[in-house]
>>> print(open('input.cif').read())   # mmCIF, C-alpha atoms and all ligand atoms
data_entry
loop_
_atom_site.label_atom_id
_atom_site.label_comp_id
_atom_site.auth_asym_id
_atom_site.auth_seq_id
_atom_site.Cartn_x
_atom_site.Cartn_y
_atom_site.Cartn_z
CA MET A 1 45.31 75.88 197.78
CA VAL A 2 43.36 72.88 198.95
CA ASN A 3 39.85 73.95 198.01
CA SER A 4 38.22 71.23 195.98
CA SER A 5 35.35 71.65 193.58
CA SER A 6 34.00 68.18 193.17
CA GLY A 7 30.23 68.00 193.14
CA GLN A 8 29.87 71.77 193.20
CA GLU A 9 30.23 72.58 189.51
CA ALA A 10 27.50 74.68 187.92
CA PRO A 11 25.82 73.64 184.65
CA ASP A 12 26.57 75.22 181.25
CA GLY A 13 27.98 78.74 181.12
CA LEU A 14 27.33 79.29 184.80
CA GLU A 15 30.48 77.33 185.64
CA ALA A 16 32.55 80.09 184.00
CA VAL A 17 30.79 82.62 186.23
CA ARG A 18 31.64 80.50 189.26
CA GLY A 19 35.26 80.39 188.05
CA LEU A 20 35.40 84.18 187.96
CA LEU A 21 33.78 84.56 191.39
CA ASN A 22 36.16 82.09 193.03
CA THR A 23 39.23 84.05 191.91
CA TRP A 24 38.69 85.70 195.29
CA LEU A 25 38.85 83.01 197.94
CA ILE A 26 39.83 82.03 201.44
CA PRO A 27 42.09 78.95 201.13
CA ASN A 28 41.68 76.10 203.59
CA ASP A 29 45.29 76.07 204.68
CA THR A 30 45.93 79.74 205.45
CA ARG A 31 42.38 81.07 205.95
CA GLU A 32 43.65 84.41 204.68
CA PRO A 33 41.72 85.91 201.74
CA GLU A 34 43.59 85.73 198.42
CA ASP A 35 42.89 87.42 195.12
CA HIS A 36 43.82 85.45 192.00
CA PHE A 37 42.19 87.84 189.57
CA ASP A 38 45.46 88.71 187.78
CA GLU A 39 46.18 85.05 186.99
CA TYR A 40 42.60 84.66 185.82
CA VAL A 41 42.85 87.50 183.27
CA GLU A 42 46.24 86.19 182.07
CA ARG A 43 44.66 82.80 181.39
CA SER A 44 41.52 84.27 179.83
CA GLY A 45 43.52 86.40 177.38
CA ALA A 46 41.29 89.40 178.13
CA SER A 47 42.62 92.69 176.82
CA ARG A 48 43.92 95.33 179.19
CA SER A 49 40.84 97.47 178.58
CA GLN A 50 38.59 94.59 179.64
CA ARG A 51 40.34 93.96 182.95
CA SER A 52 38.84 96.65 185.13
CA ARG A 53 35.39 95.87 183.76
CA LEU A 54 35.82 92.16 184.56
CA LYS A 55 36.96 92.93 188.07
CA ALA A 56 33.99 95.23 188.67
CA LEU A 57 31.72 92.51 187.30
CA ARG A 58 33.25 89.93 189.63
CA ASP A 59 32.76 92.11 192.68
CA ASP A 60 29.20 93.01 191.67
CA LEU A 61 28.18 89.40 190.96
CA ARG A 62 29.77 88.25 194.19
CA SER A 63 27.62 90.64 196.18
CA ALA A 64 24.57 89.31 194.29
CA VAL A 65 25.49 85.68 195.03
CA GLU A 66 26.23 86.51 198.67
CA ARG A 67 22.74 88.07 198.59
CA SER A 68 24.00 91.32 200.03
CA THR A 69 22.57 93.14 197.00
CA ASP A 70 19.49 92.28 194.98
CA THR A 71 20.33 90.43 191.75
CA ALA A 72 18.10 92.71 189.65
CA GLU A 73 19.83 95.79 190.99
CA ILE A 74 23.22 94.33 190.03
CA VAL A 75 22.45 92.64 186.72
CA ASN A 76 20.13 95.13 185.00
CA PRO A 77 22.74 97.89 184.71
CA TRP A 78 25.22 95.34 183.29
CA ILE A 79 22.70 94.40 180.56
CA GLU A 80 22.71 98.04 179.46
CA ARG A 81 26.42 98.60 179.90
CA LEU A 82 27.28 95.57 177.74
CA ALA A 83 24.46 96.16 175.23
CA ILE A 84 23.09 92.64 175.61
CA GLN A 85 20.16 91.78 173.34
CA PRO A 86 17.61 89.02 173.75
CA LYS A 87 16.98 86.78 170.74
CA VAL A 88 14.38 84.09 170.27
CA GLY A 89 16.09 80.94 169.01
CA GLU A 90 15.05 77.36 168.30
CA ASN A 91 15.48 76.34 171.92
CA GLY A 92 13.96 79.38 173.60
CA LEU A 93 15.46 82.69 174.56
CA HIS A 94 19.14 83.50 173.90
CA PHE A 95 21.23 86.55 174.57
CA THR A 96 23.70 88.15 172.20
CA HIS A 97 26.36 90.82 172.58
CA SER A 98 29.72 91.94 171.26
CA SER A 99 31.27 92.77 174.62
CA GLY A 100 33.91 90.07 175.03
CA LEU A 101 34.27 87.86 178.07
CA ALA A 102 32.23 90.13 180.36
CA GLY A 103 29.34 89.85 177.89
CA ASP A 104 29.63 86.05 177.80
CA LEU A 105 29.52 85.91 181.59
CA VAL A 106 26.51 88.20 181.96
CA CYS A 107 24.67 86.22 179.26
CA ALA A 108 25.36 83.05 181.28
CA VAL A 109 23.87 84.78 184.34
CA LEU A 110 20.78 85.78 182.33
CA GLU A 111 20.34 82.25 181.02
CA ALA A 112 20.61 80.93 184.57
CA VAL A 113 18.00 83.46 185.75
CA ALA A 114 15.71 82.40 182.87
CA ALA A 115 16.17 78.73 183.77
CA ALA A 116 15.55 79.40 187.50
CA ARG A 117 19.09 78.24 188.28
CA TRP A 118 20.65 81.49 189.44
CA ASN A 119 19.54 81.07 193.06
CA ARG A 120 21.32 77.72 193.19
CA LEU A 121 24.62 79.51 192.88
CA LYS A 122 25.48 80.17 196.52
CA ALA A 123 28.24 81.50 198.75
CA CYS A 124 29.15 79.42 201.76
CA PRO A 125 28.40 81.60 204.81
CA ASP A 126 31.50 80.27 206.58
CA CYS A 127 34.25 80.35 203.93
CA ARG A 128 32.50 82.35 201.16
CA TRP A 129 33.41 79.74 198.51
CA ILE A 130 30.92 79.85 195.62
CA PHE A 131 29.26 76.53 194.85
CA TYR A 132 26.30 75.27 192.87
CA ASP A 133 23.59 73.61 194.91
CA HIS A 134 22.54 70.39 193.14
CA SER A 135 20.25 69.23 195.95
CA ARG A 136 16.67 68.47 194.94
CA ASN A 137 15.05 71.25 196.95
CA ALA A 138 18.01 73.69 196.71
CA SER A 139 18.39 73.66 200.49
CA LYS A 140 22.18 73.51 200.87
CA ARG A 141 23.74 76.33 202.85
CA TRP A 142 27.38 75.36 203.20
CA CYS A 143 30.03 74.34 200.71
CA LEU A 144 30.76 70.64 200.36
CA MET A 145 34.29 70.79 201.69
CA THR A 146 34.79 68.11 204.24
CA ALA A 147 36.76 68.08 207.46
CA GLY A 148 38.88 65.16 206.21
CA GLY A 149 42.65 65.74 206.49
CA PRO A 150 44.53 68.38 208.45
CA ASP A 151 43.55 71.18 206.05
CA GLY A 152 39.96 70.12 205.53
CA ARG A 153 37.27 72.45 206.66
CA SER A 154 33.94 71.68 208.17
CA CYS A 155 31.84 74.66 207.23
CA GLY A 156 28.56 74.81 209.06
CA SER A 157 29.68 72.26 211.64
CA ILE A 158 29.05 74.57 214.62
CA ALA A 159 25.53 75.34 213.43
CA LYS A 160 24.93 71.65 212.63
CA VAL A 161 26.05 70.55 216.11
CA ARG A 162 23.81 73.18 217.68
CA ALA A 163 20.81 72.04 215.62
CA HIS A 164 21.55 68.42 216.51
CA ARG A 165 21.69 69.25 220.25
CA GLU A 166 18.44 71.18 220.03
CA ARG A 167 16.72 68.27 218.30
CA ALA A 168 18.10 65.86 220.92
CA ARG A 169 16.93 68.12 223.76
CA SER A 170 13.41 68.52 222.38
CA SER A 171 13.02 64.73 222.04
CA GLU A 172 14.02 64.06 225.68
ZN ZN A 201 32.58 76.66 203.24
#
>>> encode(input="input.cif", output="C-alpha cells")
Amino acid sequence: MVNSSSGQEAPDGLEAVRGLLNTWLIPNDTREPEDHFDEYVERSGASRSQRSRLKALRDDLRSAVERSTDTAEIVNPWIERLAIQPKVGENGLHFTHSSGLAGDLVCAVLEAVAAARWNRLKACPDCRWIFYDHSRNASKRWCLMTAGGPDGRSCGSIAKVRAHRERARSSE
C-alpha cells in the first residue's frame, strides 16, 4: 500500500470516520480494490456483534461522502438505530450514546455536520480515497496524492490538462 495521508487528515473525531471509510481502498500499486475491514475490527477490538453494524455504517457513510446518497437520508436512521441523544454542554451541543464504536463514529459525523465540516470530507472521483479538504474555500476535488515515483498517482491530471488547454485556447 503506497497511499499516503499527509495533509489530508480530518480534525477531531472525524479522522476516525475517515479511517473507517478508507478500510475500503484502491491502492496505488495494484489499482485493484481491497477491503481491509477485518483488520480494522481486529485493531478496534469491536465485539463480534458490532462487526456487521460497523460494516453497514462504513458502506452507508461512504455513499454519503461520495454524494451518491443524501447525508440526511443516511445519517438520520443511524441516529435512531444507535439511540444518540443531543446534550447541551459548556462548549455547545454534544451527542451521547451507549452504542460502542459505531455510536462514537456517528457522533463524530453529527459534530462535523454541526460545525459545517462534513462537506469537507470528500471522495476523490478518480481513486475514491477519502480525504479532508483543508483549502480555504473547500474547492478541492481530487486527493493530494502526487505523481512522484513509479507508484504515485496523479488523480485529476486528465481533467486538469484539459482545463489548462481550454484556458490556453481561449486566450489565443
Ligand atoms: Zn485520488
>>> closest_residue(input="input.cif", among="A:Ser63, A:Ser157, A:Ser171, A:Thr30", to="ligand ZN 201 (chain A)", atoms="all atoms listed in the file")
A:Ser157
>>> residues_near_ligand(input="input.cif", ligand="ligand ZN 201 (chain A)", cutoff="9 Å", atoms="all atoms listed in the file", output="list in words")
Ala123, Cys124, Pro125, Asp126, Cys127, Arg128, Trp129, Ile130, Arg141, Trp142, Cys143, Leu144, Met145, Thr146, Arg153, Ser154, Cys155 and Gly156 of chain A
>>> atom_distance(input="input.cif", atom1="CA of Ser68 (chain A)", atom2="CA of Asp104 (chain A)")
23.5 Å
>>> closest_residue(input="input.cif", among="A:Leu101, A:Ala138, A:Val109, A:Val65", to="Val41 (chain A)", atoms="only C-alpha atoms")
A:Leu101
>>> closest_residue(input="input.cif", among="A:Phe131, A:Glu80, A:Leu93, A:Thr71", to="Glu111 (chain A)", atoms="only C-alpha atoms")
A:Leu93
>>> residues_near_point(input="input.cif", point="(33.6, 89.1, 183.1)", cutoff="6 Å", atoms="all atoms listed in the file", output="mmCIF file with C-alpha atoms, in the frame of the given file")
data_model
loop_
_atom_site.group_PDB
_atom_site.id
_atom_site.type_symbol
_atom_site.label_atom_id
_atom_site.label_comp_id
_atom_site.auth_asym_id
_atom_site.auth_seq_id
_atom_site.Cartn_x
_atom_site.Cartn_y
_atom_site.Cartn_z
ATOM 1 C CA LEU A 54 35.820 92.160 184.560
ATOM 2 C CA LEU A 57 31.720 92.510 187.300
ATOM 3 C CA LEU A 101 34.270 87.860 178.070
ATOM 4 C CA ALA A 102 32.230 90.130 180.360
ATOM 5 C CA LEU A 105 29.520 85.910 181.590
#
>>> closest_atom_pairs(input="input.cif", of="region 47-106 of chain A", to="region 34-39 of chain A", cutoff="10 Å", atoms="all atoms listed in the file", output="CSV")
residue,atom,partner,partner_atom,distance
A:Arg51,CA,A:Asp38,CA,8.8
A:Leu54,CA,A:Phe37,CA,9.2
A:Lys55,CA,A:Phe37,CA,7.5
A:Arg58,CA,A:Phe37,CA,9.2
>>> build_atoms(input="input.cif", residues="region 62-90 of chain A", atoms="N, CA and C atoms", output="PDB file, in the frame of the given file")
ATOM      1  N   ARG A  62      29.553  88.881 192.898  1.00  0.00           N
ATOM      2  CA  ARG A  62      29.770  88.250 194.190  1.00  0.00           C
ATOM      3  C   ARG A  62      28.783  88.809 195.226  1.00  0.00           C
ATOM      4  N   SER A  63      28.553  90.096 195.195  1.00  0.00           N
ATOM      5  CA  SER A  63      27.620  90.640 196.180  1.00  0.00           C
ATOM      6  C   SER A  63      26.193  90.172 195.890  1.00  0.00           C
ATOM      7  N   ALA A  64      25.888  89.880 194.611  1.00  0.00           N
ATOM      8  CA  ALA A  64      24.570  89.310 194.290  1.00  0.00           C
ATOM      9  C   ALA A  64      24.463  87.878 194.801  1.00  0.00           C
ATOM     10  N   VAL A  65      25.536  87.083 194.615  1.00  0.00           N
ATOM     11  CA  VAL A  65      25.490  85.680 195.030  1.00  0.00           C
ATOM     12  C   VAL A  65      25.526  85.583 196.570  1.00  0.00           C
ATOM     13  N   GLU A  66      26.227  86.509 197.197  1.00  0.00           N
ATOM     14  CA  GLU A  66      26.230  86.510 198.670  1.00  0.00           C
ATOM     15  C   GLU A  66      24.943  87.123 199.204  1.00  0.00           C
ATOM     16  N   ARG A  67      24.059  87.520 198.279  1.00  0.00           N
ATOM     17  CA  ARG A  67      22.740  88.070 198.590  1.00  0.00           C
ATOM     18  C   ARG A  67      22.823  89.321 199.458  1.00  0.00           C
ATOM     19  N   SER A  68      23.943  90.058 199.308  1.00  0.00           N
ATOM     20  CA  SER A  68      24.000  91.320 200.030  1.00  0.00           C
ATOM     21  C   SER A  68      23.388  92.442 199.183  1.00  0.00           C
ATOM     22  N   THR A  69      23.274  92.194 197.872  1.00  0.00           N
ATOM     23  CA  THR A  69      22.570  93.140 197.000  1.00  0.00           C
ATOM     24  C   THR A  69      21.611  92.317 196.139  1.00  0.00           C
ATOM     25  N   ASP A  70      20.488  92.939 195.812  1.00  0.00           N
ATOM     26  CA  ASP A  70      19.490  92.280 194.980  1.00  0.00           C
ATOM     27  C   ASP A  70      20.053  92.003 193.580  1.00  0.00           C
ATOM     28  N   THR A  71      19.806  90.807 193.066  1.00  0.00           N
ATOM     29  CA  THR A  71      20.330  90.430 191.750  1.00  0.00           C
ATOM     30  C   THR A  71      19.887  91.411 190.662  1.00  0.00           C
ATOM     31  N   ALA A  72      18.610  91.803 190.677  1.00  0.00           N
ATOM     32  CA  ALA A  72      18.100  92.710 189.650  1.00  0.00           C
ATOM     33  C   ALA A  72      18.869  94.031 189.655  1.00  0.00           C
ATOM     34  N   GLU A  73      19.127  94.517 190.845  1.00  0.00           N
ATOM     35  CA  GLU A  73      19.830  95.790 190.990  1.00  0.00           C
ATOM     36  C   GLU A  73      21.253  95.719 190.428  1.00  0.00           C
ATOM     37  N   ILE A  74      21.852  94.531 190.532  1.00  0.00           N
ATOM     38  CA  ILE A  74      23.220  94.330 190.030  1.00  0.00           C
ATOM     39  C   ILE A  74      23.201  94.074 188.523  1.00  0.00           C
ATOM     40  N   VAL A  75      22.346  93.160 188.091  1.00  0.00           N
ATOM     41  CA  VAL A  75      22.450  92.640 186.720  1.00  0.00           C
ATOM     42  C   VAL A  75      21.860  93.593 185.682  1.00  0.00           C
ATOM     43  N   ASN A  76      20.753  94.263 186.005  1.00  0.00           N
ATOM     44  CA  ASN A  76      20.130  95.130 185.000  1.00  0.00           C
ATOM     45  C   ASN A  76      21.053  96.217 184.452  1.00  0.00           C
ATOM     46  N   PRO A  77      21.812  96.906 185.287  1.00  0.00           N
ATOM     47  CA  PRO A  77      22.740  97.890 184.710  1.00  0.00           C
ATOM     48  C   PRO A  77      23.811  97.260 183.819  1.00  0.00           C
ATOM     49  N   TRP A  78      24.219  96.026 184.132  1.00  0.00           N
ATOM     50  CA  TRP A  78      25.220  95.340 183.290  1.00  0.00           C
ATOM     51  C   TRP A  78      24.637  94.996 181.923  1.00  0.00           C
ATOM     52  N   ILE A  79      23.343  94.686 181.854  1.00  0.00           N
ATOM     53  CA  ILE A  79      22.700  94.400 180.560  1.00  0.00           C
ATOM     54  C   ILE A  79      22.820  95.622 179.657  1.00  0.00           C
ATOM     55  N   GLU A  80      22.597  96.796 180.237  1.00  0.00           N
ATOM     56  CA  GLU A  80      22.710  98.040 179.460  1.00  0.00           C
ATOM     57  C   GLU A  80      24.139  98.350 179.102  1.00  0.00           C
ATOM     58  N   ARG A  81      25.014  98.254 180.097  1.00  0.00           N
ATOM     59  CA  ARG A  81      26.420  98.600 179.900  1.00  0.00           C
ATOM     60  C   ARG A  81      27.055  97.756 178.790  1.00  0.00           C
ATOM     61  N   LEU A  82      26.667  96.477 178.709  1.00  0.00           N
ATOM     62  CA  LEU A  82      27.280  95.570 177.740  1.00  0.00           C
ATOM     63  C   LEU A  82      26.431  95.398 176.485  1.00  0.00           C
ATOM     64  N   ALA A  83      25.351  96.173 176.398  1.00  0.00           N
ATOM     65  CA  ALA A  83      24.460  96.160 175.230  1.00  0.00           C
ATOM     66  C   ALA A  83      24.040  94.740 174.854  1.00  0.00           C
ATOM     67  N   ILE A  84      23.537  94.013 175.842  1.00  0.00           N
ATOM     68  CA  ILE A  84      23.090  92.640 175.610  1.00  0.00           C
ATOM     69  C   ILE A  84      21.665  92.647 175.047  1.00  0.00           C
ATOM     70  N   GLN A  85      21.463  91.834 174.016  1.00  0.00           N
ATOM     71  CA  GLN A  85      20.160  91.780 173.340  1.00  0.00           C
ATOM     72  C   GLN A  85      19.552  90.394 173.458  1.00  0.00           C
ATOM     73  N   PRO A  86      18.262  90.329 173.769  1.00  0.00           N
ATOM     74  CA  PRO A  86      17.610  89.020 173.750  1.00  0.00           C
ATOM     75  C   PRO A  86      17.275  88.615 172.322  1.00  0.00           C
ATOM     76  N   LYS A  87      17.340  87.309 172.065  1.00  0.00           N
ATOM     77  CA  LYS A  87      16.980  86.780 170.740  1.00  0.00           C
ATOM     78  C   LYS A  87      16.203  85.489 170.950  1.00  0.00           C
ATOM     79  N   VAL A  88      15.115  85.338 170.201  1.00  0.00           N
ATOM     80  CA  VAL A  88      14.380  84.090 170.270  1.00  0.00           C
ATOM     81  C   VAL A  88      15.048  83.101 169.314  1.00  0.00           C
ATOM     82  N   GLY A  89      15.463  81.957 169.841  1.00  0.00           N
ATOM     83  CA  GLY A  89      16.090  80.940 169.010  1.00  0.00           C
ATOM     84  C   GLY A  89      15.245  79.680 168.980  1.00  0.00           C
ATOM     85  N   GLU A  90      15.804  78.620 168.392  1.00  0.00           N
ATOM     86  CA  GLU A  90      15.050  77.360 168.300  1.00  0.00           C
ATOM     87  C   GLU A  90      14.736  76.782 169.663  1.00  0.00           C
TER      88      GLU A  90
END
